Each structure stands twice: as structure tokens, then as C-alpha cells.
>>> print(open('upload.tsv').read())   # TSV, C-alpha atoms
chain	number	residue	atom	x	y	z
A	17	MET	CA	28.98	-151.13	-157.03
A	18	SER	CA	25.35	-151.61	-156.09
A	19	LYS	CA	22.88	-151.34	-158.96
A	20	THR	CA	19.91	-148.96	-159.11
A	21	LYS	CA	16.82	-151.12	-158.61
A	22	VAL	CA	13.93	-150.23	-160.93
A	23	VAL	CA	10.28	-151.31	-161.06
A	24	VAL	CA	8.48	-150.74	-164.38
A	25	VAL	CA	4.74	-150.00	-164.24
A	26	ASP	CA	2.90	-150.11	-167.59
A	27	ASP	CA	-0.26	-151.83	-168.80
A	28	SER	CA	1.39	-152.80	-172.10
A	29	ALA	CA	3.24	-156.13	-171.95
A	30	LEU	CA	5.33	-155.00	-174.94
A	31	VAL	CA	6.39	-151.76	-173.24
A	32	ARG	CA	7.17	-153.59	-170.00
A	33	SER	CA	9.34	-156.05	-171.92
A	34	ILE	CA	11.24	-153.36	-173.83
A	35	LEU	CA	11.82	-151.18	-170.76
A	36	THR	CA	13.01	-154.21	-168.78
A	37	GLU	CA	15.45	-155.09	-171.58
A	38	ILE	CA	16.77	-151.51	-171.83
A	39	ILE	CA	17.28	-151.22	-168.07
A	40	ASN	CA	18.94	-154.63	-167.71
A	41	ARG	CA	21.45	-153.79	-170.47
A	42	GLN	CA	22.89	-151.08	-168.23
A	43	PRO	CA	25.77	-152.13	-165.97
A	44	ASP	CA	24.57	-149.88	-163.14
A	45	MET	CA	20.85	-150.71	-163.00
A	46	GLN	CA	18.49	-153.67	-162.80
A	47	CYS	CA	14.78	-154.07	-163.43
A	48	ILE	CA	13.64	-156.03	-160.37
A	49	GLY	CA	9.95	-156.10	-161.29
A	50	ALA	CA	7.37	-155.15	-163.90
A	51	ALA	CA	3.73	-154.49	-163.00
A	52	ALA	CA	0.72	-154.25	-165.32
A	53	ASP	CA	-1.28	-151.96	-163.04
A	54	PRO	CA	-0.85	-149.78	-159.94
A	55	LEU	CA	-2.31	-152.36	-157.58
A	56	ALA	CA	0.33	-154.91	-158.57
A	57	ALA	CA	2.93	-152.14	-158.46
A	58	ARG	CA	1.98	-151.27	-154.90
A	59	GLU	CA	2.76	-154.80	-153.76
A	60	MET	CA	6.05	-154.84	-155.70
A	61	ILE	CA	7.15	-151.57	-154.14
A	62	ARG	CA	6.29	-152.88	-150.70
A	63	THR	CA	8.18	-156.17	-151.11
A	64	LEU	CA	11.06	-155.24	-153.48
A	65	ASN	CA	11.86	-151.71	-152.24
A	66	PRO	CA	13.01	-150.24	-155.60
A	67	ASP	CA	15.16	-147.12	-155.92
A	68	VAL	CA	13.18	-145.75	-158.91
A	69	ILE	CA	9.93	-146.60	-160.67
A	70	THR	CA	8.88	-145.81	-164.22
A	71	LEU	CA	5.15	-145.14	-164.38
A	72	ASP	CA	2.73	-145.05	-167.29
A	73	VAL	CA	-0.02	-142.45	-167.02
A	74	GLU	CA	-3.08	-144.23	-168.38
A	75	MET	CA	-3.62	-147.66	-166.85
A	76	PRO	CA	-6.45	-149.95	-165.68
A	77	LYS	CA	-7.70	-150.32	-162.08
A	78	MET	CA	-6.20	-147.01	-160.96
A	79	ASP	CA	-5.19	-143.91	-162.92
A	80	GLY	CA	-1.45	-143.29	-162.95
A	81	LEU	CA	-1.92	-139.83	-161.42
A	82	ASP	CA	-4.06	-141.18	-158.57
A	83	PHE	CA	-1.41	-143.78	-157.87
A	84	LEU	CA	1.40	-141.21	-158.03
A	85	SER	CA	-0.47	-138.87	-155.69
A	86	ARG	CA	-0.91	-141.62	-153.08
A	87	LEU	CA	2.65	-142.84	-153.51
A	88	MET	CA	4.18	-139.39	-153.00
A	89	ARG	CA	2.09	-138.81	-149.88
A	90	LEU	CA	2.70	-142.20	-148.27
A	91	ARG	CA	6.09	-143.37	-149.60
A	92	PRO	CA	7.87	-140.62	-151.54
A	93	MET	CA	10.32	-142.06	-154.06
A	94	PRO	CA	11.85	-141.17	-157.43
A	95	VAL	CA	9.38	-141.61	-160.31
A	96	VAL	CA	9.99	-141.19	-164.05
A	97	MET	CA	6.73	-140.86	-165.98
A	98	VAL	CA	6.25	-142.52	-169.37
A	99	SER	CA	3.70	-140.39	-171.20
A	100	THR	CA	2.32	-140.06	-174.73
A	101	LEU	CA	3.08	-137.28	-177.20
A	102	THR	CA	-0.45	-135.86	-177.16
A	103	GLU	CA	-2.05	-132.71	-175.77
A	104	ARG	CA	-3.78	-134.82	-173.11
A	105	GLY	CA	-0.46	-136.57	-172.41
A	106	ALA	CA	1.27	-133.21	-171.96
A	107	GLU	CA	-1.33	-131.92	-169.48
A	108	VAL	CA	-1.26	-135.13	-167.45
A	109	THR	CA	2.54	-135.16	-167.44
A	110	LEU	CA	2.67	-131.60	-166.08
A	111	LYS	CA	0.27	-132.63	-163.33
A	112	ALA	CA	2.54	-135.60	-162.55
A	113	LEU	CA	5.54	-133.26	-162.20
A	114	GLU	CA	3.46	-131.09	-159.88
A	115	LEU	CA	2.68	-134.18	-157.78
A	116	GLY	CA	6.37	-134.95	-157.40
A	117	ALA	CA	7.53	-137.04	-160.38
A	118	VAL	CA	11.19	-136.26	-161.09
A	119	ASP	CA	11.00	-136.32	-164.88
A	120	PHE	CA	9.24	-137.87	-167.85
A	121	VAL	CA	9.88	-139.64	-171.14
A	122	ALA	CA	7.47	-139.04	-174.03
A	123	LYS	CA	6.71	-142.14	-176.10
A	124	PRO	CA	5.20	-141.83	-179.58
A	125	LYS	CA	1.59	-142.81	-180.24
A	126	ILE	CA	2.56	-145.03	-183.16
A	127	GLY	CA	5.63	-147.20	-183.57
A	128	VAL	CA	5.85	-147.46	-179.80
A	129	ALA	CA	8.35	-150.33	-179.72
A	130	ASP	CA	10.90	-148.67	-182.02
A	131	GLY	CA	10.18	-145.31	-180.41
A	132	ILE	CA	11.01	-146.55	-176.92
A	133	ARG	CA	14.13	-148.36	-178.12
A	134	GLY	CA	15.23	-145.09	-179.74
A	135	LEU	CA	14.77	-143.38	-176.38
A	136	ALA	CA	16.90	-145.91	-174.48
A	137	GLN	CA	19.67	-143.41	-173.70
A	138	ASP	CA	17.17	-140.78	-172.57
A	139	ILE	CA	15.27	-143.26	-170.39
A	140	THR	CA	18.35	-144.63	-168.64
A	141	ASP	CA	19.84	-141.16	-168.16
A	142	LYS	CA	16.64	-140.02	-166.48
A	143	ILE	CA	16.53	-143.10	-164.24
A	144	ARG	CA	20.11	-142.33	-163.12
A	145	ILE	CA	19.23	-138.71	-162.40
A	146	ALA	CA	16.04	-139.72	-160.57
A	147	SER	CA	17.94	-142.16	-158.35
A	148	LYS	CA	19.97	-139.22	-156.96
A	149	ALA	CA	17.18	-136.63	-156.84
A	150	HIS	CA	15.93	-134.94	-153.69
A	151	ILE	CA	12.39	-136.27	-153.22
A	152	ARG	CA	9.76	-134.47	-151.18
A	153	ARG	CA	6.29	-135.44	-150.07
A	154	ALA	CA	3.51	-134.47	-152.44
A	155	PRO	CA	2.03	-130.98	-152.02
A	156	ALA	CA	-1.58	-130.48	-151.01
A	157	PRO	CA	-4.03	-131.35	-153.80
A	158	THR	CA	-4.82	-128.57	-156.25
A	159	PRO	CA	-8.38	-127.26	-156.69
A	160	ALA	CA	-10.94	-129.67	-158.14
A	161	PRO	CA	-11.64	-129.51	-161.88
A	162	ALA	CA	-13.97	-126.75	-162.98
A	163	ALA	CA	-16.98	-127.32	-165.22
A	164	GLY	CA	-15.88	-128.88	-168.48
A	165	GLY	CA	-13.11	-130.90	-166.88
A	166	ALA	CA	-10.33	-128.30	-167.01
A	167	PRO	CA	-8.46	-127.81	-163.74
A	168	ALA	CA	-9.56	-124.71	-161.87
A	169	PRO	CA	-6.53	-122.41	-161.80
A	170	ALA	CA	-5.38	-121.31	-158.40
A	171	LYS	CA	-5.66	-117.58	-157.88
A	172	PRO	CA	-2.32	-115.82	-158.21
A	173	VAL	CA	-0.87	-114.76	-154.90
A	174	SER	CA	-1.12	-111.09	-154.03
A	175	VAL	CA	2.11	-109.40	-155.04
A	176	ALA	CA	2.81	-105.71	-154.58
A	177	SER	CA	3.76	-103.60	-157.59
A	178	ILE	CA	7.47	-103.12	-158.26
A	179	GLY	CA	7.21	-99.50	-159.35
A	180	ARG	CA	8.52	-97.50	-162.27
A	181	LEU	CA	11.19	-99.52	-164.06
A	182	SER	CA	13.16	-99.24	-167.21
A	183	THR	CA	11.63	-101.58	-169.79
A	184	GLU	CA	15.20	-102.32	-170.79
A	185	LYS	CA	15.36	-104.91	-167.99
A	186	ILE	CA	14.76	-108.60	-168.73
A	187	ILE	CA	14.77	-111.61	-166.38
A	188	PHE	CA	16.35	-114.78	-167.78
A	189	ILE	CA	15.60	-118.21	-166.27
A	190	GLY	CA	17.29	-121.52	-167.04
A	191	ALA	CA	16.07	-124.85	-165.66
A	192	SER	CA	15.98	-128.59	-166.31
A	193	THR	CA	15.05	-131.56	-164.08
A	194	GLY	CA	12.63	-130.33	-161.42
A	195	GLY	CA	12.45	-126.99	-163.17
A	196	THR	CA	8.80	-126.96	-164.24
A	197	GLU	CA	7.70	-126.58	-160.63
A	198	ALA	CA	10.66	-124.42	-159.59
A	199	THR	CA	10.00	-121.96	-162.43
A	200	LYS	CA	6.32	-121.90	-161.48
A	201	ASP	CA	7.24	-121.07	-157.87
A	202	VAL	CA	9.24	-118.06	-159.08
A	203	LEU	CA	6.71	-116.80	-161.61
A	204	VAL	CA	3.60	-116.98	-159.40
A	205	ASN	CA	5.32	-114.62	-156.99
A	206	LEU	CA	6.06	-111.93	-159.57
A	207	PRO	CA	3.77	-108.88	-159.95
A	208	ALA	CA	2.00	-107.97	-163.17
A	209	ASP	CA	4.34	-104.99	-163.73
A	210	CYS	CA	7.61	-106.93	-163.53
A	211	PRO	CA	10.05	-106.91	-166.44
A	212	ALA	CA	9.74	-109.47	-169.20
A	213	VAL	CA	10.80	-113.00	-168.23
A	214	VAL	CA	12.43	-115.26	-170.83
A	215	ILE	CA	12.69	-118.96	-169.93
A	216	THR	CA	14.51	-121.99	-171.25
A	217	GLN	CA	13.27	-125.16	-169.59
A	218	HIS	CA	14.53	-128.44	-171.03
A	219	MET	CA	11.39	-129.97	-172.54
A	220	PRO	CA	10.62	-131.93	-175.71
A	221	PRO	CA	8.32	-130.69	-178.47
A	222	GLY	CA	4.64	-130.93	-177.68
A	223	PHE	CA	4.84	-130.07	-173.98
A	224	THR	CA	5.83	-126.41	-173.73
A	225	LYS	CA	2.55	-125.04	-175.09
A	226	SER	CA	0.57	-126.81	-172.35
A	227	TYR	CA	3.15	-125.74	-169.79
A	228	ALA	CA	2.89	-122.09	-170.82
A	229	ALA	CA	-0.92	-122.25	-170.71
A	230	ARG	CA	-0.80	-123.75	-167.23
A	231	LEU	CA	1.52	-121.01	-165.99
A	232	ASP	CA	-0.62	-118.33	-167.63
A	233	GLY	CA	-3.57	-119.47	-165.52
A	234	LEU	CA	-1.55	-119.31	-162.32
A	235	CYS	CA	0.50	-116.12	-162.68
A	236	LYS	CA	-0.15	-112.38	-162.63
A	237	ILE	CA	2.11	-111.97	-165.64
A	238	ARG	CA	0.96	-113.33	-169.01
A	239	VAL	CA	2.85	-116.46	-170.02
A	240	LYS	CA	3.10	-117.95	-173.51
A	241	GLU	CA	5.27	-120.07	-175.75
A	242	ALA	CA	7.72	-117.75	-177.50
A	243	GLN	CA	7.23	-117.03	-181.21
A	244	ASP	CA	10.01	-116.00	-183.54
A	245	GLY	CA	10.16	-112.24	-184.11
A	246	GLU	CA	7.63	-111.20	-181.47
A	247	ARG	CA	8.34	-108.19	-179.30
A	248	ILE	CA	9.34	-108.99	-175.72
A	249	LEU	CA	7.15	-106.95	-173.38
A	250	PRO	CA	7.16	-106.20	-169.64
A	251	GLY	CA	4.64	-108.18	-167.63
A	252	HIS	CA	4.99	-111.17	-169.95
A	253	GLY	CA	6.79	-114.52	-169.74
A	254	TYR	CA	8.13	-116.32	-172.83
A	255	ILE	CA	8.99	-120.02	-172.80
A	256	ALA	CA	11.34	-121.63	-175.32
A	257	PRO	CA	9.32	-124.05	-177.49
A	258	GLY	CA	10.37	-127.67	-177.03
A	259	GLY	CA	12.92	-128.68	-179.65
A	260	MET	CA	13.85	-125.07	-180.59
A	261	HIS	CA	16.47	-122.65	-179.30
A	262	LEU	CA	15.33	-119.31	-177.84
A	263	SER	CA	17.43	-116.15	-177.74
A	264	VAL	CA	16.87	-112.41	-177.46
A	265	GLU	CA	17.82	-109.90	-180.14
A	266	ARG	CA	17.49	-106.15	-180.72
A	267	SER	CA	15.21	-104.61	-183.30
A	268	GLY	CA	15.54	-100.85	-183.13
A	269	ALA	CA	14.44	-99.76	-179.66
A	270	ASN	CA	12.82	-103.12	-178.89
A	271	TYR	CA	13.84	-106.57	-177.77
A	272	ILE	CA	12.48	-109.44	-179.85
A	273	ALA	CA	12.39	-113.22	-179.41
A	274	ARG	CA	14.43	-115.30	-181.82
A	275	VAL	CA	13.17	-118.91	-182.05
A	276	GLN	CA	15.37	-121.10	-184.24
A	277	ASP	CA	16.14	-124.68	-185.05
A	278	GLY	CA	19.73	-125.83	-184.91
A	279	GLU	CA	22.06	-128.41	-183.45
A	280	PRO	CA	21.67	-129.28	-179.76
A	281	VAL	CA	24.00	-127.28	-177.47
A	282	ASN	CA	25.29	-129.17	-174.42
A	283	ARG	CA	23.05	-132.01	-175.70
A	284	HIS	CA	19.97	-129.80	-175.30
A	285	LYS	CA	17.51	-128.06	-177.60
A	286	PRO	CA	16.35	-125.67	-176.24
A	287	SER	CA	19.62	-124.85	-174.52
A	288	VAL	CA	20.07	-122.47	-171.60
A	289	GLU	CA	23.54	-121.65	-173.00
A	290	VAL	CA	21.97	-120.19	-176.16
A	291	LEU	CA	19.53	-118.01	-174.19
A	292	PHE	CA	22.07	-116.80	-171.62
A	293	ASN	CA	24.68	-116.03	-174.30
A	294	SER	CA	22.14	-113.73	-175.96
A	295	ALA	CA	21.46	-112.08	-172.59
A	296	ALA	CA	25.15	-111.30	-172.17
A	297	ARG	CA	25.52	-110.06	-175.75
A	298	VAL	CA	22.30	-108.06	-176.12
A	299	VAL	CA	20.99	-107.10	-172.67
A	300	GLY	CA	24.17	-106.80	-170.60
A	301	PRO	CA	23.74	-104.93	-167.27
A	302	ASN	CA	19.96	-104.77	-167.74
A	303	ALA	CA	19.72	-108.57	-167.44
A	304	LEU	CA	18.89	-110.51	-164.28
A	305	GLY	CA	19.81	-114.20	-164.44
A	306	ILE	CA	18.25	-117.09	-162.52
A	307	MET	CA	19.59	-120.66	-162.60
A	308	LEU	CA	17.23	-123.27	-161.20
A	309	THR	CA	17.37	-127.01	-160.52
A	310	GLY	CA	18.66	-129.28	-163.30
A	311	MET	CA	21.17	-131.94	-164.26
A	312	GLY	CA	24.39	-131.14	-166.08
A	313	ALA	CA	26.13	-127.86	-166.85
A	314	ASP	CA	23.97	-126.25	-169.55
A	315	GLY	CA	24.11	-122.47	-169.21
A	316	ALA	CA	26.85	-122.23	-166.57
A	317	LYS	CA	29.54	-120.68	-168.81
A	318	ALA	CA	27.03	-118.35	-170.46
A	319	MET	CA	25.75	-117.24	-167.05
A	320	LYS	CA	29.33	-116.27	-166.17
A	321	GLY	CA	29.33	-114.32	-169.45
A	322	MET	CA	26.15	-112.56	-168.28
A	323	LYS	CA	27.82	-111.62	-164.99
A	324	ASP	CA	30.91	-110.34	-166.82
A	325	ALA	CA	28.56	-108.19	-168.96
A	326	GLY	CA	27.02	-106.67	-165.81
A	327	SER	CA	23.98	-108.82	-165.03
A	328	TYR	CA	22.90	-109.73	-161.49
A	329	ASN	CA	22.51	-113.49	-161.04
A	330	LEU	CA	20.57	-115.59	-158.52
A	331	VAL	CA	21.20	-119.33	-158.25
A	332	GLN	CA	19.06	-121.91	-156.45
A	333	ASP	CA	20.71	-123.58	-153.45
A	334	GLU	CA	21.35	-127.32	-153.14
A	335	ALA	CA	18.84	-128.00	-150.37
A	336	SER	CA	15.87	-126.77	-152.41
A	337	CYS	CA	16.93	-128.31	-155.76
A	338	VAL	CA	15.58	-131.59	-157.09
A	339	VAL	CA	18.94	-131.92	-158.86
A	340	PHE	CA	21.82	-129.56	-158.05
A	341	GLY	CA	23.81	-130.03	-161.29
A	342	MET	CA	23.21	-126.81	-163.24
A	343	PRO	CA	23.23	-124.53	-160.18
A	344	ARG	CA	26.41	-126.21	-158.88
A	345	GLU	CA	28.17	-125.65	-162.21
A	346	ALA	CA	27.02	-122.02	-162.36
A	347	ILE	CA	28.42	-121.42	-158.87
A	348	ALA	CA	31.68	-123.18	-159.79
A	349	ALA	CA	31.97	-120.98	-162.88
A	350	GLY	CA	31.77	-117.85	-160.70
A	351	ALA	CA	28.42	-116.85	-162.22
A	352	ALA	CA	26.39	-116.41	-159.01
A	353	ASP	CA	25.89	-113.14	-157.16
A	354	GLU	CA	23.67	-114.88	-154.61
A	355	VAL	CA	22.79	-118.51	-153.84
A	356	LEU	CA	19.31	-118.77	-152.35
A	357	PRO	CA	16.58	-121.27	-151.43
A	358	LEU	CA	13.87	-121.42	-154.09
A	359	SER	CA	11.36	-119.68	-151.80
A	360	GLN	CA	13.63	-116.62	-151.53
A	361	ILE	CA	14.43	-116.14	-155.22
A	362	ALA	CA	11.30	-114.20	-156.26
A	363	PRO	CA	11.31	-111.92	-153.16
A	364	ARG	CA	15.02	-111.16	-153.65
A	365	LEU	CA	14.45	-110.52	-157.35
A	366	ILE	CA	11.66	-108.05	-156.56
A	367	GLU	CA	13.81	-106.37	-153.91
A	368	ARG	CA	16.65	-106.02	-156.42
A	369	LEU	CA	14.29	-104.57	-159.05
A	370	ARG	CA	12.75	-102.09	-156.60
A	371	SER	CA	16.21	-100.86	-155.68
A	372	THR	CA	16.68	-99.83	-159.32
A	373	ALA	CA	13.14	-98.51	-159.91
A	374	GLY	CA	13.02	-94.95	-161.16
A	375	MET	CA	16.70	-94.94	-162.14
A	376	SER	CA	15.80	-94.65	-165.80
A	377	LEU	CA	12.68	-93.78	-167.76
A	378	ASN	CA	10.38	-96.33	-169.32
A	379	ARG	CA	10.83	-96.91	-173.00
A	380	VAL	CA	7.74	-96.79	-175.17
>>> encode(input="upload.tsv", output="C-alpha cells")
Amino acid sequence: MSKTKVVVVDDSALVRSILTEIINRQPDMQCIGAAADPLAAREMIRTLNPDVITLDVEMPKMDGLDFLSRLMRLRPMPVVMVSTLTERGAEVTLKALELGAVDFVAKPKIGVADGIRGLAQDITDKIRIASKAHIRRAPAPTPAPAAGGAPAPAKPVSVASIGRLSTEKIIFIGASTGGTEATKDVLVNLPADCPAVVITQHMPPGFTKSYAARLDGLCKIRVKEAQDGERILPGHGYIAPGGMHLSVERSGANYIARVQDGEPVNRHKPSVEVLFNSAARVVGPNALGIMLTGMGADGAKAMKGMKDAGSYNLVQDEASCVVFGMPREAIAAGAADEVLPLSQIAPRLIERLRSTAGMSLNRV
């Protein structure tokens, strides 16, 4: 069996050494080069032709994002980012995913050596996933930073109103690898008067707040990190906080968010299974389910439970997925009503909602 060839790019000699050691311990992968900066990495990629690279964000000679942007335009390939657990690290990592990185690993600011060794399983799993991912050329650059250094948010696309809907309806989205951009592509195409959207995206603590803020600047709906006990309202999106499970419960006439700690489910926290099980139990036929790109099977059985309870479910097709694992498992479980390219999911969702508009009165 041929091994996955990996090039490590990091300005820290210690990190390069540890990552090389972790990769070379795996029977199915080999670190064929380690570069201290993007210029050296460029030559290694040209001469060694790796299958995957791991890329640090902040490096000398060329910023990791600049390098990633050029790489994905000129020679698209699987990239796993190695970022820091800081607010700045979270924002840069989200930008890297937008530019085409497959996934990221968050290293601690202190105790880096032990921290990275503790993440060995996570790192090697993500390299394996990246080696099989569908890679596309980088999108056009986003608008230049506004005054003060913050990125200027793109204006939300013009989306027609859905019409009078029952506020009983809730849209549930599950996603993992490749899902930050896929979820964004769905949400930016939803109108301000759409039902509430509740989202579980596999992300570690420290990243979901920045992700929600980024989406809030791009979408017509308001997007935030979910808080335990808050009322779930139409025209709003709620993202499961990294490291916590999100579910939906009833409180009188209202739906509320339940954010709780607990054991990982299907190795994940937050878990799509937890969210979708609550959709089946609490929302039933008023739920609309969406399964987007991601590795593994998290949420597939629960999505079938949603369908059995009367929900209508849309699943992303293989061609448009970065990784087809979760959608494939949802289809295999019999959970899908329709399998669609990513670009068609929001329009079909709106069409489905409009077909039910006016069928029941709004709740107050």
C-alpha cells in the first residue's frame, strides 16, 4: 500500500520535529519534508510532490494565508492548518478554510510540545481525511480589510421573502469537514424571514464564536453562538458552541436552546446526532433537516429518526462535498428526501418553505 506523503510547514523546529515523528509513526503515511517557511515549502512541494501539507499560520518571509491563497490558485492540494487557540488564531483559521484548507488542528499557546503530542490522533486522522478530500481552486479574493483591520463583510445576496410561515418550523443543519464554507453557502442564501436555523458544525472550543460572528456579517439572518436556555427565534441562526452539545427543547409555547456538556457522541462534541435526535423528538414534522459535507457517520441515524417523525431532509451530493462521509451515511440510512448539489440546497429549502407558507398561523 502506498503511503500518504506529507510535507510539514512550520517556523518552529520543535513543532516540525514532533509533527514529523507523529506522521512517521503511522503505517500509512510518511513525512517526506519539513520546511521552516513558505518559500522553502514551495520548493519542496515542487520537487517532492506531497499528497498533503500541514501549514502553520504565522510564519516568517510570507504569511501562511498568503501562501495558502497562492497555493490554492496555482496548485490546489489538501492542506491541514495548524493554528493557535486564540481569537486571532480562530479568525485566521476561518479565513484559511475559506481559501480552501480542508481542516485545521488547534495547538495550545503554552505547553506546545505536549499539546501537539496529545493531538496526534486528531492530526493523523485529519491528514487521512484530507488526502481523500475533493480539492477545488481557491475562490476569488474577498473584499479588502476595512478601516481598523477587520475584513469588510460582503453584502448579503438579495433573497426574496418566504412569506407567512408558522414559527413552529425549524431548520437543522449538521456538518463537519468542509462544513464551515458549505454552511455559509446555505445561510447567505436564506432571507431574513426564514425559520430559525440550528447548526452543529464539528469545531473545537474557541472557534465557534468567531465563526458565528463571521456568518452574522455575511447573512440576512442574525447568527450567533447558541446560549443555554435562550429562545429560538425565526430569522436567527444558532451555532453549537465548540466542545458542547446543542439540542432543542420545548418551554411552553416556545422552542429553547439547550447547551450542555457531556460525553462525546460518535467521537464528537458537539454531535450532530444529539441535535438531530432533539429535532425528531421535539419538532417532528415541523423540522427540515440538512446534512452537509463531513467525515464519518455522525447524525445519520438521528436524521432517519427525523424523517420517521415527519421532517423533510436535504442531503448534499457527493460531487459538491469536500468529504462525502456524513451525507453518504445519511443516504444509506434512508434519511434523505432529496440529494442535491450544495448550490441547490438553499433554493430548494426556500421553495419547500414557500409551499407550506400560510398553512398555519404564526405563533407569538
>>> closest_residue(input="upload.tsv", among="A:Leu358, A:Val275, A:Leu55, A:Met319", to="Met342 in chain A", atoms="all atoms listed in the file")
A:Met319
>>> closest_atom_pairs(input="upload.tsv", of="range 84-126 of chain A", to="range 142-148 of chain A", cutoff="10 Å", atoms="all atoms listed in the file", output="tab-separated table")
residue	atom	partner	partner_atom	distance
A:Met93	CA	A:Ser147	CA	8.7
A:Pro94	CA	A:Ala146	CA	5.4
A:Val95	CA	A:Ala146	CA	6.9
A:Val96	CA	A:Ile143	CA	6.8
A:Met97	CA	A:Lys142	CA	10.0
A:Ala117	CA	A:Ala146	CA	8.9
A:Val118	CA	A:Ala146	CA	6.0
A:Asp119	CA	A:Lys142	CA	6.9
A:Phe120	CA	A:Lys142	CA	7.8
A:Val121	CA	A:Lys142	CA	8.2
>>> closest_residue(input="upload.tsv", among="A:Leu110, A:Val264, A:Leu30, A:Ala228", to="Gln276 in chain A", atoms="only C-alpha atoms")
A:Val264
>>> residues_near_point(input="upload.tsv", point="(17.0, -109.3, -155.3)", cutoff="10 Å", atoms="all atoms listed in the file", output="list in words")
Leu304, Tyr328, Asn329, Leu330, Asp353, Glu354, Gln360, Ile361, Ala362, Pro363, Arg364, Leu365, Ile366, Glu367, Arg368, Leu369, Arg370 and Ser371 of chain A
>>> residues_around(input="upload.tsv", residues="Ala122 in chain A", least_positions_apart="5", cutoff="9 Å", atoms="only C-alpha atoms", output="PyMOL selection string")
chain A and resi 97-101+105-106+132+135+220
>>> closest_residue(input="upload.tsv", among="A:His150, A:Gly251, A:Asp333, A:Leu87", to="Glu59 in chain A", atoms="all atoms listed in the file")
A:Leu87
>>> closest_residue(input="upload.tsv", among="A:Glu265, A:Asp44, A:Asp232, A:Asp324", to="Ser18 in chain A", atoms="only C-alpha atoms")
A:Asp44
>>> atom_distance(input="upload.tsv", atom1="CA of Ala303 in chain A", atom2="CA of Phe188 in chain A")
7.1 Å
>>> closest_residue(input="upload.tsv", among="A:Pro207, A:Gly312, A:Pro43, A:Pro92", to="Thr140 in chain A", atoms="all atoms listed in the file")
A:Pro43
>>> closest_residue(input="upload.tsv", among="A:Ala56, A:Val24, A:Ala352, A:Ala256", to="Ile215 in chain A", atoms="only C-alpha atoms")
A:Ala256
>>> residues_around(input="upload.tsv", residues="range 197-202 of chain A", least_positions_apart="2", cutoff="7 Å", atoms="all atoms listed in the file", output="NGL selection string")
:A and (114 or 194-195 or 204-206 or 231 or 308 or 361-362)
>>> write_last_selection(input="upload.tsv", atoms="C-alpha atoms", output="mmCIF file, in the coordinates of the input")
data_model
loop_
_atom_site.group_PDB
_atom_site.id
_atom_site.type_symbol
_atom_site.label_atom_id
_atom_site.label_comp_id
_atom_site.auth_asym_id
_atom_site.auth_seq_id
_atom_site.Cartn_x
_atom_site.Cartn_y
_atom_site.Cartn_z
ATOM 1 C CA GLU A 114 3.460 -131.090 -159.880
ATOM 2 C CA GLY A 194 12.630 -130.330 -161.420
ATOM 3 C CA GLY A 195 12.450 -126.990 -163.170
ATOM 4 C CA VAL A 204 3.600 -116.980 -159.400
ATOM 5 C CA ASN A 205 5.320 -114.620 -156.990
ATOM 6 C CA LEU A 206 6.060 -111.930 -159.570
ATOM 7 C CA LEU A 231 1.520 -121.010 -165.990
ATOM 8 C CA LEU A 308 17.230 -123.270 -161.200
ATOM 9 C CA ILE A 361 14.430 -116.140 -155.220
ATOM 10 C CA ALA A 362 11.300 -114.200 -156.260
#
>>> residues_around(input="upload.tsv", residues="range 292-302 of chain A", least_positions_apart="3", cutoff="8 Å", atoms="all atoms listed in the file", output="list of chain:residue names")
A:Glu184, A:Lys185, A:Ile186, A:Phe188, A:Ser263, A:Val264, A:Glu265, A:Arg266, A:Val288, A:Glu289, A:Gly305, A:Gly315, A:Ala318, A:Met319, A:Gly321, A:Met322, A:Lys323, A:Asp324, A:Ala325, A:Gly326, A:Ser327, A:Tyr328
>>> atom_distance(input="upload.tsv", atom1="CA of Tyr254 in chain A", atom2="CA of Arg238 in chain A")
8.7 Å
>>> atom_distance(input="upload.tsv", atom1="CA of His252 in chain A", atom2="CA of Leu291 in chain A")
16.6 Å
>>> residues_near_point(input="upload.tsv", point="(6.3, -149.9, -172.3)", cutoff="8 Å", atoms="all atoms listed in the file", output="list in words")
Asp26, Asp27, Ser28, Ala29, Leu30, Val31, Arg32, Ser33, Ile34, Leu35, Asp72, Val98, Val128, Ala129 and Ile132 of chain A
>>> decode(input="upload.tsv", residues="range 116-128 of chain A", atoms="N, CA and C atoms", output="tab-separated table (two decimals), in the first residue's frame")
chain	number	residue	atom	x	y	z
A	116	GLY	N	-9.65	27.44	1.13
A	116	GLY	CA	-9.59	26.09	0.57
A	116	GLY	C	-8.89	25.05	1.42
A	117	ALA	N	-8.39	25.43	2.62
A	117	ALA	CA	-7.83	24.41	3.51
A	117	ALA	C	-8.92	23.41	3.87
A	118	VAL	N	-8.55	22.14	3.98
A	118	VAL	CA	-9.54	21.09	4.25
A	118	VAL	C	-9.99	21.13	5.71
A	119	ASP	N	-9.03	21.32	6.63
A	119	ASP	CA	-9.36	21.26	8.04
A	119	ASP	C	-8.25	21.93	8.83
A	120	PHE	N	-8.36	21.91	10.15
A	120	PHE	CA	-7.34	22.54	10.98
A	120	PHE	C	-7.19	21.79	12.29
A	121	VAL	N	-6.03	21.96	12.89
A	121	VAL	CA	-5.74	21.46	14.23
A	121	VAL	C	-5.35	22.66	15.07
A	122	ALA	N	-5.92	22.80	16.26
A	122	ALA	CA	-5.62	23.94	17.12
A	122	ALA	C	-4.61	23.54	18.19
A	123	LYS	N	-3.43	24.16	18.13
A	123	LYS	CA	-2.40	23.84	19.13
A	123	LYS	C	-2.48	24.87	20.26
A	124	PRO	N	-2.17	24.45	21.48
A	124	PRO	CA	-2.23	25.38	22.61
A	124	PRO	C	-1.12	26.42	22.54
A	125	LYS	N	-1.33	27.55	23.21
A	125	LYS	CA	-0.32	28.61	23.23
A	125	LYS	C	0.85	28.23	24.14
A	126	ILE	N	0.56	27.52	25.22
A	126	ILE	CA	1.63	27.08	26.12
A	126	ILE	C	1.63	25.56	26.16
A	127	GLY	N	2.79	25.00	26.50
A	127	GLY	CA	2.91	23.54	26.50
A	127	GLY	C	2.69	22.97	25.12
A	128	VAL	N	3.28	23.63	24.13
A	128	VAL	CA	3.03	23.26	22.72
A	128	VAL	C	3.45	21.83	22.44
